[in-house]
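Undergrad: Sharing entry_19.cif here; it has mmCIF, C-alpha atoms and all ligand atoms.
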data_protein
#
loop_
_atom_site.label_atom_id
_atom_site.label_comp_id
_atom_site.auth_asym_id
_atom_site.auth_seq_id
_atom_site.Cartn_x
_atom_site.Cartn_y
_atom_site.Cartn_z
CA MET A 1 -12.95 -39.39 -62.24
CA LYS A 2 -15.45 -36.80 -61.03
CA LYS A 3 -18.23 -38.15 -58.82
CA ILE A 4 -21.62 -36.53 -58.21
CA GLU A 5 -23.80 -37.84 -55.38
CA ILE A 6 -27.51 -37.12 -55.17
CA ASN A 7 -28.52 -38.02 -51.63
CA PRO A 8 -31.26 -38.66 -50.71
CA MET A 9 -33.41 -39.44 -53.72
CA THR A 10 -36.68 -37.57 -53.35
CA ARG A 11 -40.17 -38.97 -52.80
CA LEU A 12 -39.09 -42.45 -51.98
CA GLU A 13 -39.25 -44.51 -48.84
CA GLY A 14 -36.47 -47.03 -48.41
CA HIS A 15 -33.88 -44.29 -48.88
CA GLY A 16 -31.94 -44.27 -52.11
CA LYS A 17 -29.01 -42.38 -53.55
CA ILE A 18 -27.65 -41.85 -57.02
CA THR A 19 -23.95 -41.70 -57.81
CA ILE A 20 -22.88 -40.39 -61.22
CA PHE A 21 -19.32 -40.75 -62.53
CA LEU A 22 -18.08 -38.24 -65.14
CA ASP A 23 -15.19 -38.79 -67.57
CA GLU A 24 -12.43 -36.27 -68.44
CA GLN A 25 -14.75 -34.46 -70.87
CA GLY A 26 -17.47 -34.13 -68.24
CA ASN A 27 -19.73 -36.68 -69.89
CA VAL A 28 -21.52 -39.37 -67.90
CA ASP A 29 -19.34 -42.45 -67.78
CA ASN A 30 -21.58 -44.48 -65.49
CA ALA A 31 -24.36 -43.99 -62.95
CA PHE A 32 -25.59 -46.10 -60.04
CA MET A 33 -28.77 -46.15 -58.01
CA GLN A 34 -28.41 -47.66 -54.57
CA VAL A 35 -31.07 -48.50 -52.01
CA VAL A 36 -29.17 -47.67 -48.85
CA GLU A 37 -31.51 -49.23 -46.28
CA PHE A 38 -31.89 -52.76 -45.05
CA MET A 39 -34.73 -53.88 -42.80
CA GLY A 40 -34.79 -57.61 -42.00
CA TYR A 41 -38.48 -58.59 -41.90
CA GLU A 42 -37.58 -61.92 -43.56
CA LYS A 43 -35.92 -62.92 -40.29
CA PHE A 44 -37.64 -61.12 -37.44
CA LEU A 45 -41.15 -62.19 -38.45
CA ILE A 46 -40.30 -65.85 -37.90
CA GLY A 47 -42.41 -67.24 -35.07
CA MET A 48 -45.15 -64.61 -35.33
CA PRO A 49 -48.71 -65.99 -35.56
CA ILE A 50 -49.75 -65.67 -39.21
CA GLU A 51 -52.82 -63.55 -38.44
CA GLU A 52 -50.56 -60.90 -36.90
CA VAL A 53 -48.39 -60.62 -40.00
CA PRO A 54 -50.56 -58.34 -42.20
CA ARG A 55 -50.75 -55.58 -39.57
CA THR A 56 -47.02 -55.92 -39.00
CA VAL A 57 -45.69 -55.96 -42.56
CA SER A 58 -47.76 -52.87 -43.41
CA THR A 59 -44.78 -51.02 -41.93
CA ILE A 60 -42.40 -52.21 -44.66
CA CYS A 61 -43.60 -49.14 -46.57
CA GLY A 62 -46.33 -46.82 -45.34
CA VAL A 63 -46.34 -44.37 -48.23
CA MET B 1 -42.74 -11.73 -37.60
CA SER B 2 -41.05 -14.46 -39.58
CA LYS B 3 -42.72 -17.87 -39.68
CA PRO B 4 -41.37 -20.71 -37.54
CA LYS B 5 -39.03 -22.96 -39.51
CA LEU B 6 -39.87 -26.66 -39.66
CA ALA B 7 -37.78 -29.67 -40.67
CA TYR B 8 -38.85 -33.31 -41.05
CA TYR B 9 -36.61 -36.32 -41.48
CA LEU B 10 -37.59 -39.94 -41.96
CA ALA B 11 -34.85 -42.18 -40.53
CA GLY B 12 -35.42 -45.96 -40.17
CA GLY B 13 -39.17 -45.95 -40.64
CA CYS B 14 -41.71 -46.60 -43.35
CA GLY B 15 -43.02 -43.18 -44.40
CA GLY B 16 -46.38 -43.85 -42.72
CA CYS B 17 -45.71 -41.07 -40.22
CA ASP B 18 -45.04 -38.68 -43.13
CA ILE B 19 -48.37 -39.71 -44.62
CA ALA B 20 -50.09 -39.09 -41.25
CA VAL B 21 -48.96 -35.45 -41.58
CA VAL B 22 -50.11 -35.30 -45.20
CA ASP B 23 -53.45 -36.77 -43.99
CA LEU B 24 -54.11 -33.47 -42.22
CA SER B 25 -55.51 -32.54 -45.66
CA GLU B 26 -57.12 -29.05 -45.39
CA THR B 27 -55.42 -28.47 -42.03
CA LEU B 28 -52.09 -29.21 -43.71
CA ILE B 29 -52.66 -26.14 -45.88
CA ASP B 30 -53.09 -24.01 -42.73
CA VAL B 31 -49.99 -25.57 -41.21
CA ALA B 32 -47.99 -25.12 -44.41
CA LEU B 33 -49.02 -21.45 -44.53
CA ALA B 34 -48.12 -20.92 -40.87
CA VAL B 35 -44.63 -22.46 -41.09
CA ASP B 36 -41.63 -22.35 -43.35
CA ILE B 37 -40.76 -25.96 -44.29
CA VAL B 38 -36.99 -25.84 -44.78
CA PHE B 39 -36.35 -29.59 -45.05
CA TRP B 40 -38.55 -32.68 -45.49
CA ALA B 41 -36.65 -35.68 -46.74
CA PRO B 42 -36.63 -38.07 -48.32
CA THR B 43 -40.37 -38.40 -48.85
CA VAL B 44 -42.07 -35.07 -49.44
CA ALA B 45 -39.79 -32.16 -50.43
CA ASP B 46 -36.84 -32.14 -52.82
CA ALA B 47 -34.27 -31.56 -50.08
CA LYS B 48 -30.72 -32.90 -49.93
CA TYR B 49 -28.61 -33.68 -46.85
CA LYS B 50 -25.91 -31.20 -47.90
CA ASP B 51 -28.48 -28.38 -47.91
CA LEU B 52 -29.46 -29.26 -44.34
CA GLU B 53 -25.80 -29.52 -43.28
CA ALA B 54 -25.19 -26.00 -44.67
CA MET B 55 -27.90 -24.39 -42.51
CA PRO B 56 -26.70 -22.47 -39.42
CA ASP B 57 -26.90 -24.27 -36.06
CA GLY B 58 -30.06 -23.46 -34.11
CA SER B 59 -31.70 -21.92 -37.18
CA ILE B 60 -34.67 -24.32 -37.34
CA ASP B 61 -37.43 -23.90 -34.76
CA VAL B 62 -38.91 -27.41 -34.80
CA GLY B 63 -37.55 -30.67 -36.15
CA LEU B 64 -39.52 -33.90 -36.39
CA ILE B 65 -37.82 -37.24 -36.83
CA SER B 66 -39.78 -40.38 -37.61
CA GLY B 67 -38.22 -43.81 -37.79
CA ASN B 68 -35.59 -45.36 -35.54
CA VAL B 69 -31.82 -45.01 -35.83
CA ARG B 70 -30.65 -48.12 -37.64
CA ASN B 71 -27.62 -47.11 -39.71
CA SER B 72 -24.79 -44.57 -39.78
CA GLU B 73 -26.70 -42.24 -42.13
CA HIS B 74 -29.69 -42.03 -39.75
CA GLU B 75 -27.29 -41.41 -36.87
CA HIS B 76 -25.46 -38.65 -38.73
CA ILE B 77 -28.64 -36.81 -39.80
CA ALA B 78 -30.09 -37.14 -36.27
CA HIS B 79 -27.01 -35.32 -34.93
CA VAL B 80 -27.19 -32.70 -37.71
CA LEU B 81 -30.88 -32.04 -36.97
CA ARG B 82 -30.25 -31.84 -33.22
CA ASN B 83 -27.68 -29.10 -33.90
CA LYS B 84 -29.93 -27.21 -36.31
CA CYS B 85 -33.22 -27.44 -34.35
CA LYS B 86 -34.27 -25.61 -31.21
CA VAL B 87 -36.95 -28.22 -30.48
CA LEU B 88 -36.61 -31.83 -31.61
CA ILE B 89 -39.58 -34.22 -31.61
CA ALA B 90 -39.52 -38.00 -31.82
CA PHE B 91 -42.52 -38.55 -34.08
CA GLY B 92 -44.17 -41.97 -34.11
CA ILE B 93 -43.36 -45.15 -32.19
CA CYS B 94 -40.25 -46.05 -34.27
CA ALA B 95 -38.61 -42.81 -33.13
CA THR B 96 -39.91 -42.93 -29.55
CA ASN B 97 -39.41 -46.63 -28.77
CA GLY B 98 -37.93 -48.40 -31.81
CA GLY B 99 -41.19 -49.56 -33.42
CA ILE B 100 -41.84 -52.77 -35.32
CA LYS B 101 -38.61 -52.18 -37.19
CA GLY B 102 -36.88 -52.38 -33.80
CA LEU B 103 -37.57 -56.13 -33.82
CA VAL B 104 -34.35 -56.43 -35.84
CA ASN B 105 -32.67 -56.35 -32.43
CA LEU B 106 -33.85 -59.92 -31.83
CA HIS B 107 -31.08 -61.02 -34.22
CA THR B 108 -27.52 -60.24 -35.19
CA THR B 109 -26.87 -58.29 -38.39
CA GLU B 110 -25.25 -61.45 -39.83
CA GLU B 111 -28.41 -63.49 -39.19
CA LEU B 112 -30.63 -60.82 -40.75
CA LEU B 113 -28.45 -60.45 -43.87
CA ASP B 114 -28.06 -64.19 -44.23
CA LYS B 115 -31.84 -64.70 -44.24
CA ALA B 116 -32.59 -61.81 -46.60
CA TYR B 117 -29.73 -62.22 -49.09
CA ILE B 118 -28.83 -65.91 -49.02
CA ASN B 119 -31.23 -68.29 -47.31
CA THR B 120 -34.66 -67.56 -48.74
CA PHE B 121 -35.97 -69.97 -51.36
CA SER B 122 -36.76 -67.13 -53.77
CA THR B 123 -33.22 -65.71 -53.63
CA ASP B 124 -30.76 -66.46 -56.42
CA ASN B 125 -27.36 -65.40 -55.07
CA PRO B 126 -24.83 -68.17 -55.85
CA ASN B 127 -21.82 -65.99 -54.90
CA LYS B 128 -23.45 -65.16 -51.56
CA ASP B 129 -22.95 -61.43 -52.17
CA LEU B 130 -23.86 -59.21 -49.24
CA PRO B 131 -24.12 -55.41 -49.08
CA GLN B 132 -20.73 -53.77 -48.44
CA THR B 133 -20.17 -50.37 -46.79
CA SER B 134 -17.64 -49.56 -49.52
CA MET B 135 -16.56 -51.20 -52.73
CA VAL B 136 -14.78 -50.41 -55.99
CA LEU B 137 -16.60 -51.76 -59.01
CA ASP B 138 -14.68 -52.56 -62.22
CA GLY B 139 -11.59 -51.10 -60.57
CA LYS B 140 -12.81 -47.51 -60.86
CA TYR B 141 -16.29 -46.85 -59.46
CA GLU B 142 -16.13 -46.20 -55.72
CA LEU B 143 -19.49 -46.81 -54.08
CA THR B 144 -20.48 -46.59 -50.43
CA LEU B 145 -23.38 -47.61 -48.21
CA PRO B 146 -24.19 -46.61 -44.62
CA SER B 147 -23.11 -49.16 -42.01
CA LEU B 148 -25.85 -51.11 -40.22
CA MET B 149 -26.35 -50.75 -36.46
CA TYR B 150 -28.79 -52.31 -34.04
CA ALA B 151 -31.98 -50.20 -33.91
CA ARG B 152 -32.23 -47.42 -31.35
CA PRO B 153 -35.00 -44.99 -30.46
CA LEU B 154 -34.01 -41.39 -31.10
CA ASP B 155 -33.32 -40.53 -27.43
CA GLN B 156 -30.55 -43.13 -27.27
CA VAL B 157 -28.72 -41.04 -29.89
CA VAL B 158 -29.57 -37.36 -29.25
CA LYS B 159 -31.55 -35.35 -26.70
CA VAL B 160 -35.27 -35.40 -27.50
CA ASP B 161 -37.61 -32.60 -26.40
CA TYR B 162 -41.00 -34.22 -27.10
CA TYR B 163 -42.43 -37.63 -27.90
CA ILE B 164 -45.46 -38.45 -30.04
CA GLY B 165 -46.61 -42.09 -30.18
CA GLY B 166 -48.53 -44.02 -32.81
CA CYS B 167 -47.73 -46.20 -35.81
CA PRO B 168 -48.41 -43.80 -37.32
CA PRO B 169 -49.87 -41.13 -35.02
CA HIS B 170 -53.56 -40.73 -35.88
CA TYR B 171 -54.04 -37.58 -37.95
CA GLU B 172 -56.49 -36.15 -35.38
CA HIS B 173 -53.69 -36.46 -32.84
CA VAL B 174 -51.20 -34.94 -35.29
CA LYS B 175 -53.59 -32.02 -35.71
CA LYS B 176 -53.73 -31.47 -31.93
CA ALA B 177 -49.96 -31.75 -31.67
CA PHE B 178 -49.37 -29.17 -34.43
CA THR B 179 -51.93 -26.82 -32.86
CA ALA B 180 -50.11 -27.10 -29.52
CA LEU B 181 -46.76 -26.55 -31.25
CA LEU B 182 -47.87 -23.51 -33.23
CA SER B 183 -49.59 -21.89 -30.26
CA GLY B 184 -46.64 -22.61 -27.95
CA GLN B 185 -48.91 -24.55 -25.56
CA LEU B 186 -46.53 -27.39 -24.95
CA PRO B 187 -45.99 -29.56 -21.87
CA PRO B 188 -42.60 -29.40 -20.10
CA PRO B 189 -39.66 -30.55 -22.29
CA GLY B 190 -39.07 -34.29 -22.14
CA SER B 191 -42.83 -35.02 -22.14
CA TRP B 192 -45.04 -37.03 -24.44
CA ILE B 193 -47.57 -34.99 -26.36
CA THR B 194 -50.69 -36.98 -25.49
CA MET B 195 -54.11 -36.54 -23.98
CA GLY B 196 -52.85 -38.83 -21.23
CA LYS B 197 -55.60 -41.46 -21.37
CA ALA B 198 -55.21 -45.18 -22.06
CA VAL B 199 -56.89 -46.87 -25.05
CA CYS B 200 -59.27 -48.54 -22.54
CA GLU B 201 -60.43 -45.15 -21.28
CA VAL B 202 -61.72 -44.22 -24.75
CA CYS B 203 -62.82 -47.71 -25.79
CA GLY B 204 -66.48 -48.41 -26.54
CA ARG B 205 -65.92 -52.00 -25.38
CA ASN B 206 -64.82 -51.02 -21.87
CA PRO B 207 -67.26 -52.66 -19.40
CA VAL B 208 -66.50 -50.07 -16.74
CA LEU B 209 -67.62 -47.26 -19.07
CA GLN B 210 -70.82 -49.26 -19.68
CA GLY B 211 -71.45 -49.52 -15.91
CA LYS B 212 -70.70 -53.26 -15.89
CA PRO B 213 -68.27 -55.14 -13.61
CA LYS B 214 -64.85 -56.14 -14.92
CA LYS B 215 -64.16 -59.85 -15.40
CA PHE B 216 -60.97 -61.91 -15.64
CA ALA B 217 -60.16 -63.66 -18.90
CA THR B 218 -60.76 -67.40 -18.59
CA THR B 219 -59.25 -68.35 -21.98
CA VAL B 220 -56.47 -67.08 -24.27
CA LYS B 221 -57.48 -66.71 -27.90
CA ARG B 222 -55.82 -65.82 -31.18
CA THR B 223 -57.76 -63.40 -33.38
CA ILE B 224 -58.45 -66.34 -35.74
CA ASP B 225 -60.29 -68.15 -32.92
CA GLY B 226 -63.91 -67.19 -33.57
CA ALA B 227 -65.26 -63.65 -33.53
CA PRO B 228 -65.50 -61.29 -30.57
CA THR B 229 -68.86 -60.03 -29.32
CA GLU B 230 -70.06 -56.70 -30.67
CA ASP B 231 -69.39 -54.57 -27.61
CA GLY B 232 -67.60 -56.74 -25.04
CA CYS B 233 -64.06 -56.18 -23.82
CA LEU B 234 -61.69 -58.14 -26.06
CA LEU B 235 -59.36 -58.89 -23.18
CA GLU B 236 -62.17 -60.37 -21.07
CA GLU B 237 -63.01 -62.59 -24.03
CA GLY B 238 -59.43 -63.83 -24.18
CA TYR B 239 -58.10 -61.75 -27.08
CA LEU B 240 -54.99 -60.26 -25.51
CA CYS B 241 -55.49 -56.51 -25.88
CA LEU B 242 -52.82 -54.07 -24.73
CA GLY B 243 -55.28 -51.18 -24.36
CA PRO B 244 -54.81 -50.93 -20.56
CA VAL B 245 -51.19 -49.73 -20.86
CA THR B 246 -51.24 -47.92 -24.22
CA GLN B 247 -51.85 -44.22 -24.89
CA GLY B 248 -55.27 -43.82 -26.51
CA ASP B 249 -54.62 -40.85 -28.78
CA CYS B 250 -55.82 -42.97 -31.72
CA GLY B 251 -59.31 -43.01 -30.17
CA SER B 252 -59.20 -46.80 -29.71
CA LYS B 253 -59.17 -47.57 -33.41
CA CYS B 254 -58.29 -51.27 -33.27
CA PRO B 255 -60.85 -52.50 -30.69
CA ALA B 256 -63.46 -50.50 -32.63
CA ALA B 257 -62.52 -52.66 -35.64
CA ASN B 258 -62.76 -55.88 -33.56
CA VAL B 259 -59.00 -56.38 -33.25
CA PRO B 260 -56.99 -56.05 -30.05
CA CYS B 261 -54.67 -53.12 -29.42
CA ARG B 262 -51.04 -54.06 -30.01
CA GLY B 263 -49.55 -51.02 -28.33
CA CYS B 264 -48.52 -48.64 -31.10
CA GLY B 265 -49.63 -45.56 -29.14
CA GLY B 266 -46.76 -45.93 -26.70
CA PRO B 267 -46.69 -46.18 -22.90
CA ILE B 268 -49.35 -44.46 -20.79
CA PRO B 269 -47.93 -41.63 -18.66
CA GLY B 270 -45.69 -42.77 -15.83
CA VAL B 271 -44.65 -46.02 -17.50
CA LYS B 272 -40.92 -46.28 -18.24
CA ASP B 273 -40.77 -49.79 -19.65
CA TYR B 274 -43.83 -50.44 -21.80
CA SER B 275 -43.23 -54.13 -22.42
CA LEU B 276 -42.76 -55.05 -18.77
CA ARG B 277 -45.88 -53.10 -17.83
CA ALA B 278 -47.85 -54.81 -20.59
CA ILE B 279 -46.75 -58.24 -19.34
CA SER B 280 -47.80 -57.43 -15.78
CA ALA B 281 -51.10 -55.87 -16.91
CA ILE B 282 -52.08 -58.91 -18.98
CA ALA B 283 -50.93 -61.34 -16.28
CA SER B 284 -53.08 -59.54 -13.71
CA MET B 285 -56.17 -59.89 -15.90
CA LEU B 286 -55.92 -63.63 -16.47
CA ASP B 287 -58.05 -65.92 -14.34
CA ASN B 288 -55.28 -68.41 -13.59
CA GLU B 289 -51.56 -68.91 -14.09
CA GLU B 290 -51.95 -71.82 -16.53
CA LEU B 291 -53.29 -69.39 -19.13
CA ILE B 292 -49.88 -67.74 -19.38
CA GLU B 293 -48.56 -70.91 -21.03
CA GLN B 294 -51.13 -70.45 -23.79
CA ILE B 295 -49.98 -66.98 -24.88
CA PRO B 296 -48.68 -67.51 -28.41
CA ASP B 297 -45.37 -65.82 -29.18
CA PRO B 298 -45.12 -63.42 -26.22
CA VAL B 299 -42.02 -61.64 -27.59
CA HIS B 300 -43.72 -60.39 -30.76
CA LEU B 301 -46.76 -59.42 -28.67
CA PHE B 302 -45.30 -57.56 -25.70
CA TYR B 303 -42.21 -56.17 -27.44
CA ARG B 304 -43.73 -55.52 -30.85
CA TYR B 305 -43.21 -51.76 -30.81
CA THR B 306 -40.82 -51.26 -27.92
CA LEU B 307 -37.97 -53.79 -27.94
CA PRO B 308 -35.08 -51.29 -28.35
CA SER B 309 -36.36 -49.14 -25.47
CA SER B 310 -36.99 -51.97 -22.99
CA PHE B 311 -34.86 -52.25 -19.86
CA PRO B 312 -33.67 -55.87 -20.21
CA TYR B 313 -32.69 -55.22 -23.79
CA LYS B 314 -30.75 -52.05 -22.95
CA ARG B 315 -28.92 -53.92 -20.20
CA LEU B 316 -27.96 -56.72 -22.59
CA LYS B 317 -26.46 -54.23 -25.02
CA SER B 318 -24.49 -52.29 -22.39
S1 LIG C 401 -44.00 -45.43 -36.47
FE1 LIG C 401 -45.06 -46.83 -37.89
S2 LIG C 401 -45.86 -45.44 -39.46
FE2 LIG C 401 -44.25 -44.32 -38.38
S3 LIG C 401 -42.36 -44.71 -39.53
FE3 LIG C 401 -42.49 -46.25 -37.90
S4 LIG C 401 -43.42 -48.02 -38.90
FE4 LIG C 401 -43.87 -46.25 -40.18
S1 LIG C 402 -58.77 -54.18 -23.00
FE1 LIG C 402 -59.04 -53.59 -25.13
S2 LIG C 402 -61.17 -54.11 -25.64
FE2 LIG C 402 -60.97 -54.13 -23.40
S3 LIG C 402 -61.60 -52.07 -22.79
FE3 LIG C 402 -59.37 -52.03 -23.00
S4 LIG C 402 -59.01 -51.36 -25.10
FE4 LIG C 402 -61.16 -51.98 -24.97
S1 LIG C 403 -55.72 -49.35 -30.66
FE1 LIG C 403 -53.60 -49.66 -30.02
S2 LIG C 403 -52.55 -50.62 -31.76
FE2 LIG C 403 -54.50 -49.77 -32.51
S3 LIG C 403 -54.00 -47.73 -33.30
FE3 LIG C 403 -54.64 -47.47 -31.16
S4 LIG C 403 -52.75 -47.58 -29.94
FE4 LIG C 403 -52.29 -48.41 -31.98
#
Would you write the structure of this file as C-alpha cells?
TA:
Amino acid sequence: MKKIEINPMTRLEGHGKITIFLDEQGNVDNAFMQVVEFMGYEKFLIGMPIEEVPRTVSTICGV
Amino acid sequence: MSKPKLAYYLAGGCGGCDIAVVDLSETLIDVALAVDIVFWAPTVADAKYKDLEAMPDGSIDVGLISGNVRNSEHEHIAHVLRNKCKVLIAFGICATNGGIKGLVNLHTTEELLDKAYINTFSTDNPNKDLPQTSMVLDGKYELTLPSLMYARPLDQVVKVDYYIGGCPPHYEHVKKAFTALLSGQLPPPGSWITMGKAVCEVCGRNPVLQGKPKKFATTVKRTIDGAPTEDGCLLEEGYLCLGPVTQGDCGSKCPAANVPCRGCGGPIPGVKDYSLRAISAIASMLDNEELIEQIPDPVHLFYRYTLPSSFPYKRLKS
C-alpha cells in the first residue's frame, strides 16, 4: 500500500502530520491526521499558585 | 548581491515567538524584502521537512529556532538546521533555557502521560490507550509518532551561535536583533543579543532611579494579596519580582502592568545559572530568614523558564 506523508502540516502550532494510504488503483484508501506533540501542562502545573496559572498557560499556544 | 537566506523552525514551543516576528508589522515587510525566507515551519510558510533536508549544507545564512527540544522530530530538525545554517540562533526562552514547557522535566514521561491521558476527571479512556511511537491500525495502516524526550534547550543538542531571550522576545527587541543581523553588527559568537541591562535598570518602579534609598522586603506576598502602590518597587512591597537578575529587553513590561517579573527575558550577562542567581538575589533582599519559609511554590517561581538549563538539574540527568 502506497503511503504519502505530509509533514509538517502548515499554519498550525502543536505540530501535525497527515498520512494518506493509497490502494492499488492509486485511490485514497484511508487518511490520518496526527498531532505529533505532547506537552504535559496537566501535570506540571500542579502546585502552582492559581494566580500564576493564566500567565503560564498562555504558552500552550501563542499563535 | 543575492539576499541572505533565512530559515525559521518552531520546535517544542507555542508559536508565540513566531508571532513576535510577525508583530514587526511594517518592519516585517522591510525584513521580508531584505532576506530570502527559504523555510518557516510549521506556522508561517508552506514548507515541508523534506524540502529543508534536500537543501545543500551551509546554504542558509541564518537559522532561528524557537521552542525547546522535546521529541525526536525536534532533535532531528535541529541537527538538519545546524548543518544547513551558517549562523544558528536560539530564539526565545524555550530555545535558550527550556522555557515554561521545560517544566515537564519535573516529572517522568510516564507521570505526564498518565495525568494527561488517563487520570483527569474529564478523560474518557477506559482502555488506558497512550500514544505509541509506531502502530499498525486494522492490520494495514502503519502510523508513527516522534518519541518523547526530556526537554532540552537548543545548546544541549547542537552548537548555538546566538541567544535571544523573552517569552516571546518583545517585538521592539526582535526589531533590534534583526537590524543587527542584517547589518552584520553582531556580538562575538556564543553571546546573547541583548542591550545588557536588567529589568530593574529600565523599571519605572526602581527606587534607585527615583533617587530614593533601597529597602528590604519585610513581607512575602502573592499577587492576589492586595494591590501594589502605583510606583513603588514590587519586591520591596513583598511581591517577589525577578527583575534584578533578568534581561530587560522587554522594557520592564510586567512591573509596568503591576505584576512582578517572572524571568522570561533570560539571565543578565555573566549569569550562568539563572535560577540559582534568582534564589540568591531574592534571599538577599528579604529582611529576615523567616520570610523564606513564606515563599509559595519556589520551584515554579525560580525555575519557571530555566529548569532544563539549571546546574543541579543537568547534574541529575548526567
Ligand atoms: S519562548 Fe514563550 S512564546 Fe516563545 S515558543 Fe516558548 S513558550 Fe512560546
Ligand atoms: S524588583 Fe521589580 S519592581 Fe522592583 S525595580 Fe526591579 S523590576 Fe522594578
Ligand atoms: S518583565 Fe520579566 S517576565 Fe515580564 S516580559 Fe519582561 S522579562 Fe518577561
Undergrad: Taking all atoms listed in the file into account, which residues have an atom no farther than 12 Å from ligand LIG 403 (chain C)? I'd like them as a PDB file with C-alpha atoms, keeping the file's coordinate frame.
TA:
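Wrote it out as pocket-v5.pdb, contents follow:
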ATOM      1  CA  GLU A  52     -50.560 -60.900 -36.900  1.00  0.00           C
ATOM      2  CA  ARG A  55     -50.750 -55.580 -39.570  1.00  0.00           C
ATOM      3  CA  THR A  56     -47.020 -55.920 -39.000  1.00  0.00           C
TER       4      THR A  56
ATOM      5  CA  GLY B  92     -44.170 -41.970 -34.110  1.00  0.00           C
ATOM      6  CA  ILE B  93     -43.360 -45.150 -32.190  1.00  0.00           C
ATOM      7  CA  GLY B  99     -41.190 -49.560 -33.420  1.00  0.00           C
ATOM      8  CA  ILE B 100     -41.840 -52.770 -35.320  1.00  0.00           C
ATOM      9  CA  ILE B 164     -45.460 -38.450 -30.040  1.00  0.00           C
ATOM     10  CA  GLY B 165     -46.610 -42.090 -30.180  1.00  0.00           C
ATOM     11  CA  GLY B 166     -48.530 -44.020 -32.810  1.00  0.00           C
ATOM     12  CA  CYS B 167     -47.730 -46.200 -35.810  1.00  0.00           C
ATOM     13  CA  PRO B 168     -48.410 -43.800 -37.320  1.00  0.00           C
ATOM     14  CA  PRO B 169     -49.870 -41.130 -35.020  1.00  0.00           C
ATOM     15  CA  HIS B 170     -53.560 -40.730 -35.880  1.00  0.00           C
ATOM     16  CA  TYR B 171     -54.040 -37.580 -37.950  1.00  0.00           C
ATOM     17  CA  HIS B 173     -53.690 -36.460 -32.840  1.00  0.00           C
ATOM     18  CA  THR B 194     -50.690 -36.980 -25.490  1.00  0.00           C
ATOM     19  CA  LYS B 197     -55.600 -41.460 -21.370  1.00  0.00           C
ATOM     20  CA  ALA B 198     -55.210 -45.180 -22.060  1.00  0.00           C
ATOM     21  CA  VAL B 199     -56.890 -46.870 -25.050  1.00  0.00           C
ATOM     22  CA  CYS B 200     -59.270 -48.540 -22.540  1.00  0.00           C
ATOM     23  CA  GLU B 201     -60.430 -45.150 -21.280  1.00  0.00           C
ATOM     24  CA  VAL B 202     -61.720 -44.220 -24.750  1.00  0.00           C
ATOM     25  CA  CYS B 203     -62.820 -47.710 -25.790  1.00  0.00           C
ATOM     26  CA  GLY B 204     -66.480 -48.410 -26.540  1.00  0.00           C
ATOM     27  CA  ARG B 205     -65.920 -52.000 -25.380  1.00  0.00           C
ATOM     28  CA  LEU B 234     -61.690 -58.140 -26.060  1.00  0.00           C
ATOM     29  CA  LEU B 240     -54.990 -60.260 -25.510  1.00  0.00           C
ATOM     30  CA  CYS B 241     -55.490 -56.510 -25.880  1.00  0.00           C
ATOM     31  CA  LEU B 242     -52.820 -54.070 -24.730  1.00  0.00           C
ATOM     32  CA  GLY B 243     -55.280 -51.180 -24.360  1.00  0.00           C
ATOM     33  CA  PRO B 244     -54.810 -50.930 -20.560  1.00  0.00           C
ATOM     34  CA  VAL B 245     -51.190 -49.730 -20.860  1.00  0.00           C
ATOM     35  CA  THR B 246     -51.240 -47.920 -24.220  1.00  0.00           C
ATOM     36  CA  GLN B 247     -51.850 -44.220 -24.890  1.00  0.00           C
ATOM     37  CA  GLY B 248     -55.270 -43.820 -26.510  1.00  0.00           C
ATOM     38  CA  ASP B 249     -54.620 -40.850 -28.780  1.00  0.00           C
ATOM     39  CA  CYS B 250     -55.820 -42.970 -31.720  1.00  0.00           C
ATOM     40  CA  GLY B 251     -59.310 -43.010 -30.170  1.00  0.00           C
ATOM     41  CA  SER B 252     -59.200 -46.800 -29.710  1.00  0.00           C
ATOM     42  CA  LYS B 253     -59.170 -47.570 -33.410  1.00  0.00           C
ATOM     43  CA  CYS B 254     -58.290 -51.270 -33.270  1.00  0.00           C
ATOM     44  CA  PRO B 255     -60.850 -52.500 -30.690  1.00  0.00           C
ATOM     45  CA  ALA B 256     -63.460 -50.500 -32.630  1.00  0.00           C
ATOM     46  CA  ALA B 257     -62.520 -52.660 -35.640  1.00  0.00           C
ATOM     47  CA  ASN B 258     -62.760 -55.880 -33.560  1.00  0.00           C
ATOM     48  CA  VAL B 259     -59.000 -56.380 -33.250  1.00  0.00           C
ATOM     49  CA  PRO B 260     -56.990 -56.050 -30.050  1.00  0.00           C
ATOM     50  CA  CYS B 261     -54.670 -53.120 -29.420  1.00  0.00           C
ATOM     51  CA  ARG B 262     -51.040 -54.060 -30.010  1.00  0.00           C
ATOM     52  CA  GLY B 263     -49.550 -51.020 -28.330  1.00  0.00           C
ATOM     53  CA  CYS B 264     -48.520 -48.640 -31.100  1.00  0.00           C
ATOM     54  CA  GLY B 265     -49.630 -45.560 -29.140  1.00  0.00           C
ATOM     55  CA  GLY B 266     -46.760 -45.930 -26.700  1.00  0.00           C
ATOM     56  CA  PRO B 267     -46.690 -46.180 -22.900  1.00  0.00           C
ATOM     57  CA  ILE B 268     -49.350 -44.460 -20.790  1.00  0.00           C
ATOM     58  CA  LEU B 301     -46.760 -59.420 -28.670  1.00  0.00           C
ATOM     59  CA  PHE B 302     -45.300 -57.560 -25.700  1.00  0.00           C
ATOM     60  CA  ARG B 304     -43.730 -55.520 -30.850  1.00  0.00           C
ATOM     61  CA  TYR B 305     -43.210 -51.760 -30.810  1.00  0.00           C
TER      62      TYR B 305
END
Undergrad: Of the candidates B:Ile193, B:Ile224, B:Val208, B:Leu182, which shows the shortest atom-to-atom distance to chain A, using only C-alpha atoms?
TA: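 Closest to chain A, using only C-alpha atoms: B:Ile224.
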Undergrad: Atom CA of B:Cys14 and atom CA of A:Glu42 are how many Å apart?
TA: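 Those two atoms sit 15.9 Å apart.
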Undergrad: Select, as a PyMOL selection string, those residues of chain A with any atom no more than 6 Å from chain B (distances computed using only C-alpha atoms).
TA: chain A and resi 7-8+10-13+36+40+42-44+59-63
Undergrad: Write out as lines of an AutoDock Vina configuration file an axis-aligned box for stretch 122-132 of chain B: all of its atoms listed in the file, 6 Å added on each side, centre and edge lengths in Å with one decimal.
TA:
center_x = -28.7
center_y = -61.0
center_z = -52.4
size_x = 28.0
size_y = 26.4
size_z = 20.0
Undergrad: Report, in Å to a single decimal, how far apart atom CA of B:Asp23 and atom CA of B:Val174 are.
TA: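 Interatomic distance, atom CA of B:Val174 to atom CA of B:Asp23: 9.2 Å.
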